[in-house]
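Structure data (compact mmCIF, C-alpha atoms) from my_file08.txt:
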# COMPACT_ATOMS: atom_id res chain seq x y z
CA MET A 29 150.24 37.92 -99.55
CA ALA A 30 152.94 38.94 -102.01
CA ILE A 31 155.20 36.17 -100.75
CA SER A 32 154.37 32.80 -102.27
CA VAL A 33 155.69 29.38 -101.28
CA LYS A 34 156.83 26.90 -103.91
CA LEU A 35 157.45 24.00 -101.56
CA ASP A 36 155.45 21.55 -103.68
CA ARG A 37 157.68 22.23 -106.70
CA VAL A 38 160.90 21.63 -104.73
CA LEU A 39 159.41 18.49 -103.19
CA LEU A 40 158.50 17.24 -106.68
CA ASP A 41 162.04 17.96 -107.93
CA ARG A 42 163.54 16.03 -105.00
CA GLY A 43 160.97 13.20 -105.27
CA MET A 44 160.05 13.63 -101.63
CA SER A 45 156.60 13.49 -100.06
CA LEU A 46 155.27 15.97 -97.52
CA THR A 47 155.02 13.18 -94.94
CA GLU A 48 158.70 12.31 -95.40
CA LEU A 49 159.74 15.95 -95.12
CA SER A 50 157.58 16.28 -92.02
CA GLU A 51 159.38 13.35 -90.35
CA ARG A 52 162.81 14.66 -91.35
CA VAL A 53 162.38 18.27 -90.20
CA GLY A 54 160.21 17.51 -87.15
CA VAL A 55 157.33 19.75 -88.21
CA THR A 56 153.79 18.38 -88.25
CA ILE A 57 152.15 17.63 -91.62
CA ALA A 58 149.38 20.08 -90.67
CA ASN A 59 151.93 22.90 -90.30
CA LEU A 60 153.75 21.95 -93.51
CA SER A 61 150.38 21.93 -95.31
CA ILE A 62 149.73 25.46 -94.02
CA LEU A 63 153.10 26.46 -95.47
CA LYS A 64 152.57 24.59 -98.77
CA THR A 65 149.12 26.04 -99.39
CA GLY A 66 150.32 29.60 -98.72
CA LYS A 67 148.17 30.08 -95.63
CA ALA A 68 151.17 30.64 -93.33
CA LYS A 69 151.61 34.13 -91.89
CA ALA A 70 155.23 33.57 -90.79
CA ILE A 71 158.01 31.02 -90.96
CA ARG A 72 160.65 30.50 -88.26
CA PHE A 73 164.30 30.64 -89.30
CA SER A 74 164.76 27.25 -87.59
CA THR A 75 161.99 25.70 -89.76
CA LEU A 76 163.39 27.30 -92.91
CA GLU A 77 166.87 26.09 -92.04
CA ALA A 78 165.64 22.52 -91.43
CA ILE A 79 163.66 22.48 -94.71
CA CYS A 80 166.57 23.89 -96.73
CA HIS A 81 168.92 21.37 -95.09
CA GLU A 82 166.70 18.40 -95.91
CA LEU A 83 165.81 19.55 -99.43
CA ASN A 84 169.35 20.75 -100.11
CA CYS A 85 168.15 24.11 -101.39
CA GLN A 86 168.27 27.84 -100.70
CA PRO A 87 165.44 29.84 -99.03
CA GLY A 88 164.98 31.59 -102.38
CA ASP A 89 164.11 28.25 -103.98
CA ILE A 90 161.09 27.98 -101.67
CA LEU A 91 159.99 31.59 -101.17
CA PHE A 92 159.11 34.00 -103.98
CA PHE A 93 158.24 37.67 -103.89
CA ASP A 94 155.48 38.71 -106.31
CA GLU A 95 156.19 42.36 -107.13
CA GLU A 96 152.93 42.90 -109.07
CA ASP A 97 150.80 41.50 -106.25
CA SER A 98 152.65 43.70 -103.75
CA ALA A 99 152.11 46.82 -105.89
CA ALA A 100 148.42 45.97 -106.31
CA LYS A 101 148.01 45.60 -102.54
CA ALA A 102 149.85 48.86 -101.90
CA ALA A 103 147.50 50.63 -104.35
CA GLU A 104 144.39 49.35 -102.50
CA MET B 2 142.66 29.35 -58.59
CA ARG B 3 142.44 27.59 -61.94
CA ALA B 4 141.37 29.56 -65.02
CA ILE B 5 139.37 26.74 -66.62
CA GLY B 6 137.71 23.50 -65.56
CA LYS B 7 135.69 22.52 -62.51
CA GLY B 8 135.91 24.86 -59.53
CA SER B 9 137.62 27.55 -61.61
CA LEU B 10 136.71 31.22 -61.45
CA ALA B 11 135.24 30.95 -64.98
CA SER B 12 132.89 28.11 -64.00
CA ILE B 13 131.78 29.96 -60.83
CA LEU B 14 131.16 33.09 -62.90
CA ALA B 15 129.25 31.08 -65.50
CA MET B 16 127.07 29.54 -62.78
CA GLY B 17 126.35 32.98 -61.28
CA LEU B 18 125.57 34.47 -64.69
CA ASN B 19 123.25 31.56 -65.52
CA ILE B 20 121.30 32.22 -62.31
CA ILE B 21 121.15 35.95 -63.14
CA ARG B 22 119.93 35.08 -66.65
CA ILE B 23 117.11 32.93 -65.27
CA VAL B 24 116.08 35.74 -62.87
CA LEU B 25 116.16 38.26 -65.74
CA TRP B 26 114.05 35.99 -67.94
CA LEU B 27 111.52 35.64 -65.12
CA GLY B 28 111.48 39.43 -64.80
CA PHE B 29 111.00 39.74 -68.53
CA ILE B 30 108.07 37.29 -68.51
CA GLY B 31 106.58 39.12 -65.49
CA LEU B 32 106.81 42.45 -67.30
CA SER B 33 105.24 40.98 -70.44
CA ILE B 34 102.32 39.68 -68.37
CA ALA B 35 102.03 43.11 -66.71
CA VAL B 36 101.82 44.85 -70.10
CA VAL B 37 98.91 42.60 -71.10
CA VAL B 38 97.13 42.74 -67.73
CA ILE B 39 97.55 46.42 -66.74
CA PRO B 40 94.95 47.86 -69.19
CA PHE B 41 92.35 45.56 -67.62
CA VAL B 42 93.25 46.26 -63.96
CA SER B 43 90.62 48.99 -63.48
CA VAL B 44 88.02 46.89 -65.34
CA ILE B 45 88.74 43.84 -63.17
CA ALA B 46 88.77 46.00 -60.02
CA GLY B 47 85.38 47.45 -60.97
CA MET B 48 83.92 43.94 -61.20
CA PHE B 49 84.36 43.44 -57.46
CA GLN B 50 81.72 45.22 -55.41
CA GLY B 51 82.97 47.55 -52.71
CA PHE B 52 86.48 47.68 -54.12
CA ASP B 53 87.78 51.16 -54.75
CA GLY B 54 89.56 50.90 -58.06
CA GLY B 55 90.78 54.50 -57.97
CA ASP B 56 94.38 53.55 -57.03
CA ALA B 57 94.47 50.87 -59.67
CA LEU B 58 93.93 53.36 -62.47
CA VAL B 59 96.69 53.08 -65.03
CA ASP B 60 98.03 56.14 -66.82
CA GLY B 61 100.68 56.88 -69.44
CA ALA B 62 103.40 57.28 -66.79
CA ASP B 63 103.04 53.62 -65.83
CA TYR B 64 103.60 52.62 -69.44
CA ILE B 65 106.70 54.82 -69.63
CA GLN B 66 108.03 53.07 -66.54
CA LEU B 67 107.20 49.68 -68.02
CA ALA B 68 108.96 50.57 -71.28
CA TYR B 69 112.01 51.70 -69.27
CA GLN B 70 112.03 48.43 -67.31
CA PHE B 71 111.78 46.51 -70.60
CA VAL B 72 114.81 48.31 -72.03
CA SER B 73 116.82 47.88 -68.80
CA LEU B 74 116.04 44.17 -68.54
CA GLY B 75 116.69 43.69 -72.26
CA VAL B 76 120.13 45.31 -71.99
CA MET B 77 121.02 43.25 -68.90
CA LEU B 78 119.85 40.04 -70.56
CA PHE B 79 121.84 40.84 -73.69
CA VAL B 80 125.02 41.60 -71.69
CA VAL B 81 124.70 38.46 -69.52
CA THR B 82 124.14 36.26 -72.60
CA ARG B 83 127.20 37.71 -74.36
CA LEU B 84 129.36 37.25 -71.23
CA LEU B 85 128.23 33.62 -70.99
CA GLU B 86 129.27 33.11 -74.62
CA VAL B 87 132.70 34.61 -73.83
CA LEU B 88 133.07 32.28 -70.82
CA LYS B 89 132.08 29.32 -73.02
CA THR B 90 135.02 30.04 -75.35
CA LEU B 91 137.29 30.27 -72.28
CA ARG B 92 136.10 26.82 -71.16
CA PHE B 93 137.07 25.43 -74.57
CA GLY B 94 140.52 26.93 -74.14
CA SER B 95 140.61 29.68 -76.75
CA PRO B 96 139.17 33.01 -75.61
CA PHE B 97 141.23 35.04 -78.07
CA VAL B 98 138.94 34.75 -81.06
CA LYS B 99 137.55 37.52 -83.25
CA GLU B 100 134.00 36.66 -82.11
CA ASN B 101 134.83 37.61 -78.51
CA ALA B 102 136.15 41.00 -79.61
CA ASP B 103 132.83 41.53 -81.44
CA ARG B 104 130.93 40.33 -78.36
CA PHE B 105 132.67 42.84 -76.09
CA ARG B 106 132.04 45.60 -78.62
CA THR B 107 128.32 44.78 -78.75
CA VAL B 108 128.26 44.67 -74.93
CA GLY B 109 129.76 48.17 -74.96
CA TYR B 110 127.10 49.39 -77.39
CA ALA B 111 124.34 47.70 -75.35
CA LEU B 112 125.57 49.44 -72.17
CA LEU B 113 125.65 52.74 -74.09
CA ILE B 114 122.06 52.17 -75.22
CA GLY B 115 121.11 51.30 -71.62
CA GLU B 116 122.62 54.53 -70.26
CA GLY B 117 121.15 56.54 -73.13
CA ALA B 118 117.73 55.05 -72.42
CA LYS B 119 118.11 55.89 -68.71
CA ILE B 120 118.76 59.55 -69.59
CA ALA B 121 116.01 59.64 -72.24
CA PHE B 122 113.39 58.06 -69.96
CA GLY B 123 114.57 60.28 -67.10
CA LEU B 124 113.98 63.37 -69.26
CA LEU B 125 110.62 61.97 -70.31
CA SER B 126 109.68 61.54 -66.66
CA LEU B 127 110.23 65.27 -66.11
CA ILE B 128 107.26 66.05 -68.39
CA THR B 129 105.16 63.15 -67.14
CA SER B 130 104.53 61.77 -63.66
CA ALA B 131 106.71 58.69 -64.27
CA ASP B 132 109.11 57.99 -61.41
CA ILE B 133 112.45 57.56 -63.22
CA GLU B 134 115.59 59.27 -61.92
CA ILE B 135 118.40 60.52 -64.15
CA ASP B 136 121.15 59.13 -61.92
CA THR B 137 123.88 58.28 -64.42
CA GLN B 138 127.17 57.64 -62.59
CA PRO B 139 130.70 58.45 -63.85
CA ILE B 140 131.77 54.91 -62.89
CA THR B 141 129.21 53.51 -65.37
CA TRP B 142 130.73 55.53 -68.20
CA LEU B 143 134.19 54.39 -67.11
CA ALA B 144 132.93 50.79 -67.22
CA ILE B 145 131.58 51.31 -70.75
CA ILE B 146 134.93 52.73 -71.89
CA THR B 147 136.69 49.78 -70.21
CA VAL B 148 134.50 47.32 -72.13
CA PHE B 149 135.43 49.03 -75.44
CA VAL B 150 139.13 48.92 -74.46
CA LEU B 151 138.71 45.23 -73.60
CA ALA B 152 137.14 44.66 -77.04
CA GLU B 153 140.23 46.19 -78.67
CA VAL B 154 142.52 44.05 -76.47
CA PHE B 155 140.62 40.93 -77.54
CA HIS B 156 140.76 42.04 -81.18
CA GLU B 157 144.55 42.39 -80.97
CA GLY B 158 144.81 39.15 -78.99
CA ALA B 159 142.81 37.30 -81.65
CA ARG B 160 145.09 38.71 -84.36
CA MET B 161 148.22 37.62 -82.46
CA LYS B 162 146.74 34.16 -81.79
CA GLU B 163 145.92 33.73 -85.49
CA GLU B 164 149.46 34.78 -86.41
CA GLN B 165 150.90 32.35 -83.87
CA ASP B 166 148.68 29.52 -85.18
CA LEU B 167 149.80 30.25 -88.73
CA THR B 168 153.50 30.45 -87.88
CA VAL B 169 155.33 27.36 -89.12
With the file now loaded, output its structure as structure tokens.
Amino acid sequence: MAISVKLDRVLLDRGMSLTELSERVGVTIANLSILKTGKAKAIRFSTLEAICHELNCQPGDILFFDEEDSAAKAAE
Amino acid sequence: MRAIGKGSLASILAMGLNIIRIVLWLGFIGLSIAVVVIPFVSVIAGMFQGFDGGDALVDGADYIQLAYQFVSLGVMLFVVTRLLEVLKTLRFGSPFVKENADRFRTVGYALLIGEGAKIAFGLLSLITSADIEIDTQPITWLAIITVFVLAEVFHEGARMKEEQDLTV
């Protein structure tokens, strides 16, 4: 997918573990792992809002659009 | 009526299909024995004095009928086994998996082969003395199309389930 998730980087910057974030936002560690490893197919606005609130960041700090990957997939 | 668990429609269906599978296997074994024994029927009959083995004479038409029965039983056994596998996934609570879509598709192809074989053997019986009727029904073809539609529904269902599972 051309959208990549940089949750681990933001967590590292904030010095927060995935378990702690899981407890704060009320999302299971399994689901946060799916998001962190880039396996997620979709993210709810409510989840994104809770993560951004707890990590004090913008959605753009977590989600990135890879233009080259997108172009490569479109060419396939 | 409950969808899963004891006394559910799925468990009743599974029980019925298991019985049908046993009957089909017995039929299959019976046919296999017949294939081995039939060539020796006239020889065995001739061994008994006073027995007129004329009726027991086996010709090519009998083998065509046997081959047709083999194909029919094989198709039925294949379909019943696949349906039992689908019901098994229902019992474990997740029928919308890609494997079930593939199973329904293969059931559709098996039914197509079964109907094709019925027509082919029926045509073959016209040039031989085999007693096989070409009695293909429109409802059978409708059922085959329905199975293919069901396969597509399961394919889409599996995709949606995967998306739901991977939505955070």
Residue hits in chain B, query chain A, radius 12 Å, only C-alpha atoms, as a PyMOL selection string: chain B and resi 160-169
Option closest in space to Ile31 in chain A, from A:Thr65, A:Ser50, A:Ser98, A:Ser45 [counting only C-alpha atoms]: A:Ser98
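Minimum atom-to-atom distance to Val53 in chain A, evaluated using only C-alpha atoms, belongs to A:Ile79 out of A:Ala100, A:Ile90, A:Ala30, A:Ile79.
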Atomic distance CA of Gly123 in chain B - CA of Ala111 in chain B, expressed in Å with one decimal: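 About the pair CA of Gly123 in chain B and CA of Ala111 in chain B: they are 17.9 Å apart.
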Shell of 12 Å around range 77-83 of chain B, only C-alpha atoms, local chain residues under 4 positions omitted, as an MDAnalysis selection string: chainID B and resid 14:29 70:73 87:90 100:116 145 148
Using C-alpha atoms, can you export the residues from the last selection as a PDB file, in the coordinates of the input?
ATOM      1  CA  LEU B  14     131.160  33.090 -62.900  1.00  0.00           C
ATOM      2  CA  ALA B  15     129.250  31.080 -65.500  1.00  0.00           C
ATOM      3  CA  MET B  16     127.070  29.540 -62.780  1.00  0.00           C
ATOM      4  CA  GLY B  17     126.350  32.980 -61.280  1.00  0.00           C
ATOM      5  CA  LEU B  18     125.570  34.470 -64.690  1.00  0.00           C
ATOM      6  CA  ASN B  19     123.250  31.560 -65.520  1.00  0.00           C
ATOM      7  CA  ILE B  20     121.300  32.220 -62.310  1.00  0.00           C
ATOM      8  CA  ILE B  21     121.150  35.950 -63.140  1.00  0.00           C
ATOM      9  CA  ARG B  22     119.930  35.080 -66.650  1.00  0.00           C
ATOM     10  CA  ILE B  23     117.110  32.930 -65.270  1.00  0.00           C
ATOM     11  CA  VAL B  24     116.080  35.740 -62.870  1.00  0.00           C
ATOM     12  CA  LEU B  25     116.160  38.260 -65.740  1.00  0.00           C
ATOM     13  CA  TRP B  26     114.050  35.990 -67.940  1.00  0.00           C
ATOM     14  CA  LEU B  27     111.520  35.640 -65.120  1.00  0.00           C
ATOM     15  CA  GLY B  28     111.480  39.430 -64.800  1.00  0.00           C
ATOM     16  CA  PHE B  29     111.000  39.740 -68.530  1.00  0.00           C
ATOM     17  CA  GLN B  70     112.030  48.430 -67.310  1.00  0.00           C
ATOM     18  CA  PHE B  71     111.780  46.510 -70.600  1.00  0.00           C
ATOM     19  CA  VAL B  72     114.810  48.310 -72.030  1.00  0.00           C
ATOM     20  CA  SER B  73     116.820  47.880 -68.800  1.00  0.00           C
ATOM     21  CA  VAL B  87     132.700  34.610 -73.830  1.00  0.00           C
ATOM     22  CA  LEU B  88     133.070  32.280 -70.820  1.00  0.00           C
ATOM     23  CA  LYS B  89     132.080  29.320 -73.020  1.00  0.00           C
ATOM     24  CA  THR B  90     135.020  30.040 -75.350  1.00  0.00           C
ATOM     25  CA  GLU B 100     134.000  36.660 -82.110  1.00  0.00           C
ATOM     26  CA  ASN B 101     134.830  37.610 -78.510  1.00  0.00           C
ATOM     27  CA  ALA B 102     136.150  41.000 -79.610  1.00  0.00           C
ATOM     28  CA  ASP B 103     132.830  41.530 -81.440  1.00  0.00           C
ATOM     29  CA  ARG B 104     130.930  40.330 -78.360  1.00  0.00           C
ATOM     30  CA  PHE B 105     132.670  42.840 -76.090  1.00  0.00           C
ATOM     31  CA  ARG B 106     132.040  45.600 -78.620  1.00  0.00           C
ATOM     32  CA  THR B 107     128.320  44.780 -78.750  1.00  0.00           C
ATOM     33  CA  VAL B 108     128.260  44.670 -74.930  1.00  0.00           C
ATOM     34  CA  GLY B 109     129.760  48.170 -74.960  1.00  0.00           C
ATOM     35  CA  TYR B 110     127.100  49.390 -77.390  1.00  0.00           C
ATOM     36  CA  ALA B 111     124.340  47.700 -75.350  1.00  0.00           C
ATOM     37  CA  LEU B 112     125.570  49.440 -72.170  1.00  0.00           C
ATOM     38  CA  LEU B 113     125.650  52.740 -74.090  1.00  0.00           C
ATOM     39  CA  ILE B 114     122.060  52.170 -75.220  1.00  0.00           C
ATOM     40  CA  GLY B 115     121.110  51.300 -71.620  1.00  0.00           C
ATOM     41  CA  GLU B 116     122.620  54.530 -70.260  1.00  0.00           C
ATOM     42  CA  ILE B 145     131.580  51.310 -70.750  1.00  0.00           C
ATOM     43  CA  VAL B 148     134.500  47.320 -72.130  1.00  0.00           C
TER      44      VAL B 148
END
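One finds CA of Val76 in chain B at 21.2 Å from CA of Glu153 in chain B.
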Find the axis-aligned box for range 63-73 of chain A, covering all its listed atoms and adding 8 Å on each side, and write its centre and edge lengths in Å to one decimal as AutoDock Vina command-line options.
--center_x 156.2 --center_y 29.4 --center_z -93.8 --size_x 32.1 --size_y 25.5 --size_z 27.1
Interatomic distance (Å, one decimal) between CA of Gly66 in chain A and CA of Lys34 in chain A: 8.8 Å
Exercise: residues within 10 Å of coordinate (114.2, 54.1, -60.7), counting all atoms listed in the file, as JSON, numbers by chain: {"B": [66, 69, 70, 119, 123, 131, 132, 133, 134, 135, 136]}
Those same residues, written as a PDB file, keeping the file's coordinate frame with C-alpha atoms?
ATOM      1  CA  GLN B  66     108.030  53.070 -66.540  1.00  0.00           C
ATOM      2  CA  TYR B  69     112.010  51.700 -69.270  1.00  0.00           C
ATOM      3  CA  GLN B  70     112.030  48.430 -67.310  1.00  0.00           C
ATOM      4  CA  LYS B 119     118.110  55.890 -68.710  1.00  0.00           C
ATOM      5  CA  GLY B 123     114.570  60.280 -67.100  1.00  0.00           C
ATOM      6  CA  ALA B 131     106.710  58.690 -64.270  1.00  0.00           C
ATOM      7  CA  ASP B 132     109.110  57.990 -61.410  1.00  0.00           C
ATOM      8  CA  ILE B 133     112.450  57.560 -63.220  1.00  0.00           C
ATOM      9  CA  GLU B 134     115.590  59.270 -61.920  1.00  0.00           C
ATOM     10  CA  ILE B 135     118.400  60.520 -64.150  1.00  0.00           C
ATOM     11  CA  ASP B 136     121.150  59.130 -61.920  1.00  0.00           C
TER      12      ASP B 136
END
Shortest interatomic distance to Leu49 in chain A - which of A:Glu82, A:Glu77, A:Asp94, A:Asp89, counting only C-alpha atoms: A:Glu82
